[in-house]
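Trainee: Next comes my_file-v9.txt, compact mmCIF, C-alpha atoms:
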# COMPACT_ATOMS: atom_id res chain seq x y z
CA MET A 17 128.96 98.52 94.38
CA ALA A 18 126.93 95.41 93.51
CA MET A 19 123.80 94.80 95.53
CA GLU A 20 124.30 92.08 98.11
CA ASN A 21 122.12 89.04 97.54
CA GLN A 22 122.06 85.46 98.78
CA ALA A 23 124.41 84.31 96.05
CA ASN A 24 127.21 86.68 96.92
CA GLU A 25 126.74 87.25 100.64
CA ASN A 26 129.46 86.01 102.98
CA ILE A 27 127.56 84.23 105.77
CA GLU A 28 130.68 83.49 107.77
CA LYS A 29 131.60 87.17 107.78
CA LEU A 30 128.09 88.09 108.85
CA PHE A 31 128.19 85.67 111.79
CA GLY A 32 131.68 87.00 112.50
CA GLU A 33 130.11 90.31 113.55
CA PHE A 34 128.55 88.52 116.53
CA LEU A 35 130.54 85.30 117.11
CA SER A 36 134.15 84.22 117.34
CA GLU A 37 135.95 83.05 114.20
CA GLU A 38 135.49 79.38 115.05
CA GLU A 39 131.84 79.80 116.04
CA SER A 40 131.01 81.82 112.95
CA LEU A 41 132.58 79.17 110.69
CA ARG A 42 130.50 76.46 112.38
CA ALA A 43 127.32 78.57 112.22
CA ALA A 44 127.80 79.20 108.49
CA GLU A 45 128.27 75.45 107.91
CA ASN A 46 125.13 74.67 109.92
CA VAL A 47 123.08 77.10 107.85
CA GLN A 48 124.37 75.56 104.62
CA LYS A 49 123.58 72.03 105.83
CA GLY A 50 120.08 73.09 106.89
CA GLU A 51 119.40 74.72 103.55
CA ARG A 52 120.61 71.58 101.76
CA ILE A 53 117.85 69.64 103.55
CA LEU A 54 115.31 72.14 102.23
CA ARG A 55 116.63 71.69 98.69
CA GLU A 56 116.42 67.90 99.02
CA HIS A 57 112.73 68.12 100.01
CA PRO A 58 111.05 70.40 97.50
CA ALA A 59 107.53 71.64 98.20
CA PRO A 60 104.76 70.62 95.79
CA ALA A 61 104.34 72.79 92.70
CA PRO A 62 101.10 74.64 91.98
CA ALA A 63 98.70 72.75 89.72
CA GLY A 64 98.33 73.79 86.09
CA GLU A 65 94.60 74.43 86.61
CA LEU A 66 95.41 76.73 89.50
CA LEU A 67 97.82 78.76 87.36
CA ALA A 68 95.24 79.00 84.55
CA ASP A 69 92.64 80.14 87.08
CA ILE A 70 95.03 82.75 88.50
CA ASN A 71 95.80 84.02 85.00
CA SER A 72 92.10 84.52 84.27
CA LYS A 73 91.61 86.26 87.65
CA VAL A 74 94.50 88.59 86.83
CA VAL A 75 92.97 89.44 83.44
CA LYS A 76 89.67 90.31 85.18
CA ALA A 77 91.49 92.36 87.80
CA LEU A 78 93.36 94.25 85.05
CA ALA A 79 90.07 95.02 83.26
CA ALA A 80 88.50 96.23 86.51
CA LYS A 81 91.55 98.36 87.26
CA GLY A 82 91.40 99.92 83.76
CA ALA A 83 87.73 100.82 84.17
CA LYS A 84 88.42 102.25 87.63
CA THR A 85 91.30 104.34 86.27
CA ARG A 86 89.13 105.70 83.43
CA ARG A 87 86.37 106.65 85.93
CA LEU A 88 88.95 108.35 88.13
CA ILE A 89 90.33 110.35 85.19
CA ALA A 90 86.81 111.39 84.13
CA CYS A 91 86.02 112.52 87.69
CA ARG A 92 89.24 114.51 87.89
CA VAL A 93 88.64 116.18 84.52
CA ALA A 94 85.08 117.07 85.58
CA ALA A 95 86.33 118.46 88.90
CA VAL A 96 89.01 120.57 87.19
CA ALA A 97 86.47 121.82 84.62
CA ALA A 98 84.06 122.79 87.41
CA VAL A 99 86.78 124.69 89.25
CA VAL A 100 87.79 126.51 86.04
CA ILE A 101 84.17 127.49 85.30
CA ILE A 102 83.68 128.76 88.87
CA LEU A 103 86.91 130.75 88.69
CA ILE A 104 85.92 132.28 85.34
CA ALA A 105 82.49 133.18 86.72
CA ILE A 106 83.98 134.76 89.86
CA SER A 107 86.64 136.69 87.93
CA ALA A 108 84.05 137.95 85.44
CA LYS A 109 81.85 139.18 88.29
CA PHE A 110 84.53 140.89 90.38
CA PHE A 111 87.28 141.79 87.95
CA GLY A 112 85.33 142.47 84.74
CA LYS A 113 86.38 145.82 83.09
CA GLY A 114 84.07 148.56 81.73
CA PRO A 115 80.31 149.00 82.05
CA ALA A 116 78.21 146.06 81.21
CA VAL A 117 76.69 146.25 77.75
CA GLN A 118 72.99 147.06 78.02
CA THR A 119 70.90 144.95 75.80
CA PRO A 120 67.66 146.70 74.74
CA VAL A 121 64.51 145.04 75.91
CA THR A 122 62.16 144.41 73.05
CA LEU A 123 58.75 142.92 72.94
CA GLU A 124 58.72 139.90 70.82
CA PRO A 125 55.60 138.57 69.19
CA MET A 126 54.20 135.47 70.77
CA GLN A 127 55.39 132.41 69.07
CA ARG A 128 53.09 130.72 66.67
CA ALA A 129 53.85 127.43 68.32
CA VAL A 130 51.88 128.47 71.42
CA TRP A 131 48.74 128.80 69.30
CA GLU A 132 49.46 125.79 67.26
CA SER A 133 50.08 123.45 70.13
CA ASP A 134 48.43 120.09 70.28
CA GLY A 135 46.79 120.98 73.60
CA ILE A 136 44.33 123.46 72.06
CA SER A 137 41.45 120.99 71.68
CA SER A 138 41.63 119.95 75.33
CA GLY A 139 41.77 123.69 76.27
CA GLN A 140 38.64 124.36 74.28
CA THR A 141 36.78 121.57 76.02
CA GLU A 142 37.69 122.97 79.44
CA LEU A 143 36.64 126.43 78.31
CA ALA A 144 33.28 125.14 77.15
CA LEU A 145 32.69 123.39 80.49
CA LEU A 146 33.52 126.59 82.39
CA ARG A 147 31.25 128.63 80.18
CA ASP A 148 28.44 126.15 80.81
CA GLU A 149 28.86 126.42 84.59
CA VAL A 150 28.82 130.21 84.45
CA GLU A 151 25.61 130.16 82.41
CA GLN A 152 23.99 127.79 84.91
CA ALA A 153 24.95 130.11 87.79
CA GLU A 154 23.55 133.13 85.97
CA ALA A 155 20.27 131.29 85.33
CA LYS A 156 20.00 130.39 89.03
CA VAL A 157 20.55 134.01 90.08
CA SER A 158 17.96 135.13 87.56
CA ASP A 159 15.45 132.53 88.84
CA LEU A 160 15.97 133.66 92.40
CA LYS A 161 15.46 137.24 91.34
CA PHE A 162 12.23 136.60 89.49
CA GLY A 163 10.75 133.85 91.72
CA ARG A 164 11.09 131.05 89.29
CA ASP A 165 12.60 128.56 91.76
CA GLY A 166 9.48 126.77 92.94
CA GLY A 167 7.66 129.82 94.35
CA TYR A 168 10.01 130.52 97.25
CA GLY A 169 12.54 132.69 95.43
CA GLY A 170 10.14 135.61 94.97
CA LYS A 171 9.22 135.68 98.62
CA GLU A 172 12.85 135.54 99.67
CA PHE A 173 13.71 138.33 97.26
CA VAL A 174 10.87 140.55 98.62
CA GLU A 175 11.96 139.84 102.21
CA ILE A 176 15.53 140.82 101.45
CA GLU A 177 14.30 144.01 99.79
CA MET A 178 12.19 144.88 102.85
CA GLU A 179 15.13 144.27 105.15
CA LEU A 180 17.31 146.50 103.00
CA THR A 181 14.64 149.29 103.15
CA ASP A 182 14.47 148.97 106.98
CA ILE A 183 18.23 149.13 107.29
CA SER A 184 18.49 152.24 105.10
CA GLY A 185 15.60 153.88 107.04
CA ASP A 186 17.26 153.20 110.40
CA PHE A 187 20.49 154.63 109.04
CA TRP A 188 18.85 158.00 108.15
CA LYS A 189 16.97 158.09 111.45
CA GLY A 190 20.32 157.75 113.32
CA MET B 24 122.40 90.73 83.29
CA ALA B 25 120.07 89.71 80.46
CA GLU B 26 117.88 88.02 83.05
CA ARG B 27 117.69 91.26 85.00
CA GLU B 28 116.78 93.20 81.86
CA ASN B 29 114.09 90.66 81.04
CA LEU B 30 112.65 91.00 84.55
CA ASN B 31 112.66 94.79 84.23
CA ARG B 32 110.80 94.51 80.93
CA ILE B 33 108.21 92.20 82.49
CA ILE B 34 107.74 94.49 85.49
CA SER B 35 107.37 97.47 83.18
CA GLY B 36 104.71 95.58 81.19
CA CYS B 37 102.88 94.70 84.41
CA ARG B 38 102.90 98.34 85.47
CA ASN B 39 101.26 99.20 82.13
CA GLY B 40 98.55 96.63 82.73
CA ASP B 41 99.78 94.10 80.17
CA ALA B 42 98.18 90.69 80.80
CA GLU B 43 100.97 88.84 78.94
CA SER B 44 103.60 90.36 81.25
CA PHE B 45 101.60 89.25 84.27
CA SER B 46 101.39 85.78 82.81
CA GLN B 47 105.20 85.73 82.54
CA LEU B 48 105.55 86.99 86.09
CA ILE B 49 103.27 84.17 87.27
CA ASP B 50 105.38 81.63 85.38
CA MET B 51 108.53 83.00 86.97
CA TYR B 52 107.44 83.24 90.60
CA ALA B 53 104.35 81.08 91.18
CA GLY B 54 106.46 78.03 92.12
CA ARG B 55 108.55 79.76 94.75
CA CYS B 56 105.65 81.70 96.22
CA TYR B 57 103.54 78.54 96.34
CA GLY B 58 106.40 76.68 98.04
CA TYR B 59 106.58 79.38 100.70
CA PHE B 60 102.80 79.34 101.29
CA TYR B 61 102.73 75.57 101.46
CA ARG B 62 105.64 75.30 103.89
CA VAL B 63 104.27 77.95 106.26
CA THR B 64 100.64 76.77 106.21
CA GLY B 65 101.12 73.05 105.54
CA ASN B 66 97.90 73.10 103.51
CA ARG B 67 97.50 72.94 99.73
CA THR B 68 93.99 74.42 99.59
CA VAL B 69 95.03 77.42 101.65
CA SER B 70 98.18 77.76 99.55
CA ASP B 71 96.06 77.74 96.37
CA ASP B 72 93.92 80.57 97.75
CA LEU B 73 96.87 82.62 98.96
CA LEU B 74 98.70 82.28 95.66
CA GLY B 75 95.64 83.54 93.75
CA GLU B 76 95.24 86.39 96.23
CA LEU B 77 98.90 87.32 95.78
CA PHE B 78 98.80 87.79 92.03
CA VAL B 79 95.47 89.61 92.05
CA LYS B 80 96.91 91.91 94.71
CA LEU B 81 100.00 92.47 92.57
CA VAL B 82 97.78 93.98 89.86
CA GLU B 83 97.02 96.80 92.30
CA LYS B 84 100.39 96.88 94.03
CA ILE B 85 102.90 96.58 91.20
CA GLY B 86 102.87 100.36 90.76
CA SER B 87 104.28 100.78 94.28
CA PHE B 88 107.46 98.87 93.41
CA LYS B 89 110.08 101.62 93.29
CA GLY B 90 113.07 99.65 92.08
CA GLY B 91 115.74 97.72 93.97
CA SER B 92 115.42 94.00 94.51
CA PHE B 93 112.10 92.88 93.05
CA GLU B 94 112.28 89.56 94.87
CA SER B 95 112.66 91.24 98.24
CA TRP B 96 109.69 93.45 97.45
CA LEU B 97 107.65 90.50 96.16
CA PHE B 98 108.34 88.35 99.21
CA LYS B 99 107.47 91.24 101.50
CA VAL B 100 104.03 91.21 99.84
CA VAL B 101 103.95 87.40 100.09
CA SER B 102 104.80 87.55 103.80
CA ASN B 103 102.15 90.24 104.41
CA ILE B 104 99.52 88.08 102.72
CA PHE B 105 100.46 85.17 104.97
CA HIS B 106 100.24 87.38 108.08
CA ASP B 107 96.86 88.75 106.92
CA TYR B 108 95.71 85.14 106.58
CA LEU B 109 96.89 84.35 110.11
CA ARG B 110 95.12 87.43 111.49
CA ALA B 111 91.89 86.57 109.66
CA LYS B 112 92.08 83.03 111.03
CA HIS B 113 92.69 84.38 114.49
CA ARG B 114 89.64 86.66 114.29
CA GLN B 115 87.57 83.79 112.97
CA SER B 116 88.69 81.56 115.81
CA GLN B 117 87.63 84.19 118.33
CA PHE B 118 84.09 84.05 116.97
CA LEU B 119 84.03 80.34 116.34
CA GLU B 120 85.62 78.73 119.35
CA THR B 121 84.23 75.39 118.41
CA GLN B 122 86.20 75.37 115.19
CA LYS B 123 89.47 76.33 116.85
CA SER B 124 90.89 72.87 117.10
CA ARG B 125 89.97 72.12 113.48
CA MET B 126 91.78 75.23 112.22
CA GLN B 127 94.86 74.44 114.26
CA SER B 128 94.92 71.01 112.71
CA GLN B 129 94.71 72.68 109.28
CA VAL B 130 98.06 74.30 109.96
CA SER B 131 99.71 71.51 111.86
CA GLU B 132 98.59 68.39 110.03
CA PRO B 133 100.99 67.46 107.23
CA GLU B 134 99.50 66.62 103.88
CA ARG B 135 100.58 64.00 101.44
CA CYS B 136 102.91 65.26 98.77
CA ASP B 137 104.06 63.65 95.54
CA GLY B 138 101.51 60.88 95.48
CA ASP B 139 101.31 58.80 98.63
CA GLU B 140 104.62 59.82 100.12
CA ILE B 141 104.19 61.75 103.35
CA ASP B 142 106.10 65.02 103.31
CA LYS B 143 108.57 64.35 106.11
CA LEU B 144 110.02 67.85 105.96
CA GLN B 145 106.58 69.41 106.50
CA LEU B 146 106.03 67.13 109.48
CA GLN B 147 109.25 68.33 111.11
CA LEU B 148 108.79 71.95 110.08
CA ASN B 149 105.50 72.02 111.97
CA LYS B 150 107.42 71.23 115.14
CA LEU B 151 109.24 74.56 114.88
CA ASP B 152 107.57 77.70 116.18
CA ALA B 153 105.64 79.66 113.53
CA ASP B 154 108.01 82.64 113.44
CA THR B 155 111.15 80.51 113.01
CA ARG B 156 109.43 78.44 110.32
CA GLU B 157 108.45 81.61 108.49
CA VAL B 158 111.88 83.24 108.56
CA ILE B 159 113.55 80.04 107.31
CA MET B 160 111.05 79.79 104.45
CA LEU B 161 111.36 83.47 103.65
CA ARG B 162 115.12 83.07 103.28
CA TYR B 163 114.86 79.86 101.27
CA TYR B 164 112.13 80.89 98.81
CA SER B 165 112.90 84.58 98.40
CA GLN B 166 116.62 83.81 97.97
CA ALA B 167 117.22 87.13 99.67
CA SER B 168 120.29 87.90 101.76
CA PHE B 169 120.14 88.02 105.55
CA ARG B 170 120.32 91.82 105.39
CA GLU B 171 117.35 91.98 103.02
CA ILE B 172 115.35 89.58 105.20
CA ALA B 173 116.11 91.66 108.29
CA GLN B 174 114.85 94.72 106.41
CA MET B 175 111.72 92.89 105.25
CA ARG B 176 110.93 91.84 108.81
CA SER B 177 111.99 95.16 110.32
CA GLU B 178 114.35 93.46 112.75
CA LEU B 179 118.07 93.57 113.51
CA ILE B 180 120.28 91.38 111.34
CA GLY B 181 121.61 89.63 114.46
CA THR B 182 118.06 88.54 115.32
CA THR B 183 117.50 87.18 111.81
CA LEU B 184 120.82 85.31 111.79
CA SER B 185 120.12 83.81 115.20
CA LYS B 186 116.58 82.67 114.30
CA VAL B 187 117.62 81.07 111.01
CA HIS B 188 120.68 79.41 112.52
CA ARG B 189 118.86 77.94 115.52
CA GLY B 190 115.85 76.99 113.39
CA LEU B 191 117.88 75.17 110.76
CA ASN B 192 119.90 73.36 113.44
CA LYS B 193 116.73 72.20 115.12
CA LEU B 194 115.24 71.14 111.77
CA ARG B 195 118.38 69.14 110.92
CA GLU B 196 118.22 67.36 114.26
CA LEU B 197 114.57 66.52 113.72
CA MET B 198 115.17 65.27 110.18
CA GLU B 199 118.16 63.14 111.19
CA GLY B 200 116.61 61.89 114.41
Any chance you could put this one into structure tokens?

Mentor:
Amino acid sequence: MAMENQANENIEKLFGEFLSEEESLRAAENVQKGERILREHPAPAPAGELLADINSKVVKALAAKGAKTRRLIACRVAAVAAVVIILIAISAKFFGKGPAVQTPVTLEPMQRAVWESDGISSGQTELALLRDEVEQAEAKVSDLKFGRDGGYGGKEFVEIEMELTDISGDFWKG
Amino acid sequence: MAERENLNRIISGCRNGDAESFSQLIDMYAGRCYGYFYRVTGNRTVSDDLLGELFVKLVEKIGSFKGGSFESWLFKVVSNIFHDYLRAKHRQSQFLETQKSRMQSQVSEPERCDGDEIDKLQLQLNKLDADTREVIMLRYYSQASFREIAQMRSELIGTTLSKVHRGLNKLRELMEG
């Protein structure tokens, strides 16, 4: 059965479903007369510039749609890949057969690259600074011990020694 | 038959994102769609905008055409765009009360058409209520049957017949009067 369209529809028959035969005939004629008026007064046509503008907008929209589709496909592929990797990992953990293969632990020599790194000169500088500070501290302790810090270190050292002697004496006395 | 096959080929090209097919589709339907927009809005600038919006929207929507009458499907989209426009204007008028009268005049004031000649039909069409004007224009420009129009508008065929009949009678009286 052919699809009904305006060209082959029977308007009179359609109106006949609701009106009497005479009324439906008149209604169909009225519709045809009304539509003739519309044909006699055509609407303005779209301007050529407008159509050119619409064409360029459509081209842009098509390009944007293509890019969007490609992004969507990439996202879907990534999502599927992630799910597959997770499933493989889970199945390997829970359903893996046989004992896991033990890999022997071996000591490997330190890589040469560690010793040949570019940062060695800056490391040496820091080491030298640290060594210098330690030496200064040792000298200060030595000065304190032998009273070479302006005459007060010796006295302090003797006083500390006396206090230590008193403390040890009191300890043995109970 | 050949015309139908050609249309199917163009639609298929559009679905595949072919710009040339879209260009052909624009050539085929821009005039009728523009006529509809102009007759229901009475404004060329608005009609220009709506026509552009229609074809850009078709780029996204063409994939949802599942066969049947392409023109019925197309004019359903056309009608939806017009109703979206009306809703947007309505929202705008709620915020901008001061511009309400100006927007109403945009729809009701007839423009000059074909040079200096005043479009008499547009003048009389604007005297019909908006819904009657729209259904008459939908029938005229979509060239769809009454049954298809009733389906497009989700209303009973008796309602569509009655609106078109009364509307065209009224229009004829206005034009002859």

Trainee: Ranking B:Val79, B:Leu197, B:Ala53, B:Leu48 by minimum distance to Ala80 (chain A) and counting all atoms listed in the file, which one comes first?

Mentor: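 For Ala80 (chain A), the nearest of the given residues is B:Val79.
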
Trainee: Should the cut-off be 8 Å, what would the residue list for chain B against chain A look like, counting only C-alpha atoms, as a PyMOL selection string?

Mentor: chain B and resi 40+42+45-46+49+53-54+57-58+61-62+71+75+78-79+82-83+136-137+144+163+166-169+171+181+184+187-188+191-192+194-195

Trainee: Which residue is closest to Asp41 (chain B)? Choose from B:Ile85, B:Leu77, B:Leu119, B:Val101 and count only C-alpha atoms.

Mentor: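 Smallest separation from Asp41 (chain B) among the options: B:Ile85.
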
Trainee: Report, in Å with one decimal, the straight-line distance from CA of Leu148 (chain B) to CA of Lys186 (chain B).

Mentor: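 Going from CA of Leu148 (chain B) over to CA of Lys186 (chain B) covers 13.9 Å.
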
Trainee: Using Å and a single decimal, report how far CA of Thr68 (chain B) sits from CA of Gln147 (chain B).

Mentor: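 Distance between the two atoms: 20.1 Å.
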